Amino acid sequence: MSSMTLFRNCYRVESARLQHWDYRSGCYHVTVNTREGKHWFGTVRHGQMYLSRAGEIVVEEWLRSAQLRSNILLDRFQVMPNHFHGLISILPQASGSVVSADLHQKRKPARLYPDSLGSVVGQFKGACTARIRKEVNSSFQWQERFRDQVVHNEKQLNELKEYIGLNPRRWEMKRRS
């Protein structure tokens with residue numbers, strides 16, 4: 001049972017993160033879902049996403065992520081009724097930072113480094129949760145984890161930009177079928 005660990009007396013799947021990848025640098029496609037797929041962030045009508053107040057908070061906090069960190073670049077993103085897609089680049093920190101010269105060196109995957117993808121997404125989710133619970137509904141929750149995909153080249157980046165941009169239209173087509 002190598003892909004499972006015991007956590008709080010329950011089995012849980014190990015992290016989906018690449019074992020030997022250093023998540024403190026690179027370009028990523030991130031997807032974060034709401035708990036139980038609840039539609040907190042708005043509705044899709046005629047291929048357009050119309051944000052609720054909770055959806056507006058998600059946009060504000062995502063943009064704030066780059067304002068708070070000089071090594072973060074944000075690209076296309078899309079808030080959907082029950083999830084969020086975003087493209088994010090993490091630039092290597094200047095000398096004196098925790099990023100080593102070999103970004104792909106072997107390390108313990110359980111460690112969450114400052115300014116790593118997990119740290120940035122965790123802080124984003126935490127800020128959204130605090131504000132949504134205070135301003136909208138105290139029962140708001142994200143799904144525990146998030147999905148990420150390493151973006152390896154320009155072609156893949158452009159395909160992901162198109163995928164994210166077309167998400168509201170695909171949402172409606174799925175609902176009709």
# chains A, B, ... in the order shown; residues from 1 in each chain; ligands from 1
>>> select_by_dssp(residues="stretch 51-161 of chain A", states="alpha helix (DSSP H)", output="number ranges by chain")
A: 53-68, 117-135, 154-161
>>> residues_around(residues="stretch 54-58 of chain A", least_positions_apart="4", cutoff="7 Å", atoms="only C-alpha atoms", output="list in words")
Trp40, Phe41, Gly42, Trp62, Val79, Cys128, Ile132 and Val136 of chain A
>>> atom_distance(atom1="atom CA of A:Val30", atom2="atom CA of A:Leu87")
6.3 Å
>>> residues_around(residues="stretch 166-171 of chain A", least_positions_apart="3", cutoff="12 Å", atoms="only C-alpha atoms", output="NGL selection string")
:A and (42-51 or 76-86 or 159-163 or 174-177)
>>> closest_residue(among="A:Arg131, A:Gln143, A:Ala66, A:Pro114", to="A:Thr34", atoms="only C-alpha atoms")
A:Gln143
>>> atom_distance(atom1="atom CA of A:Tyr23", atom2="atom CA of A:Ala130")
25.2 Å
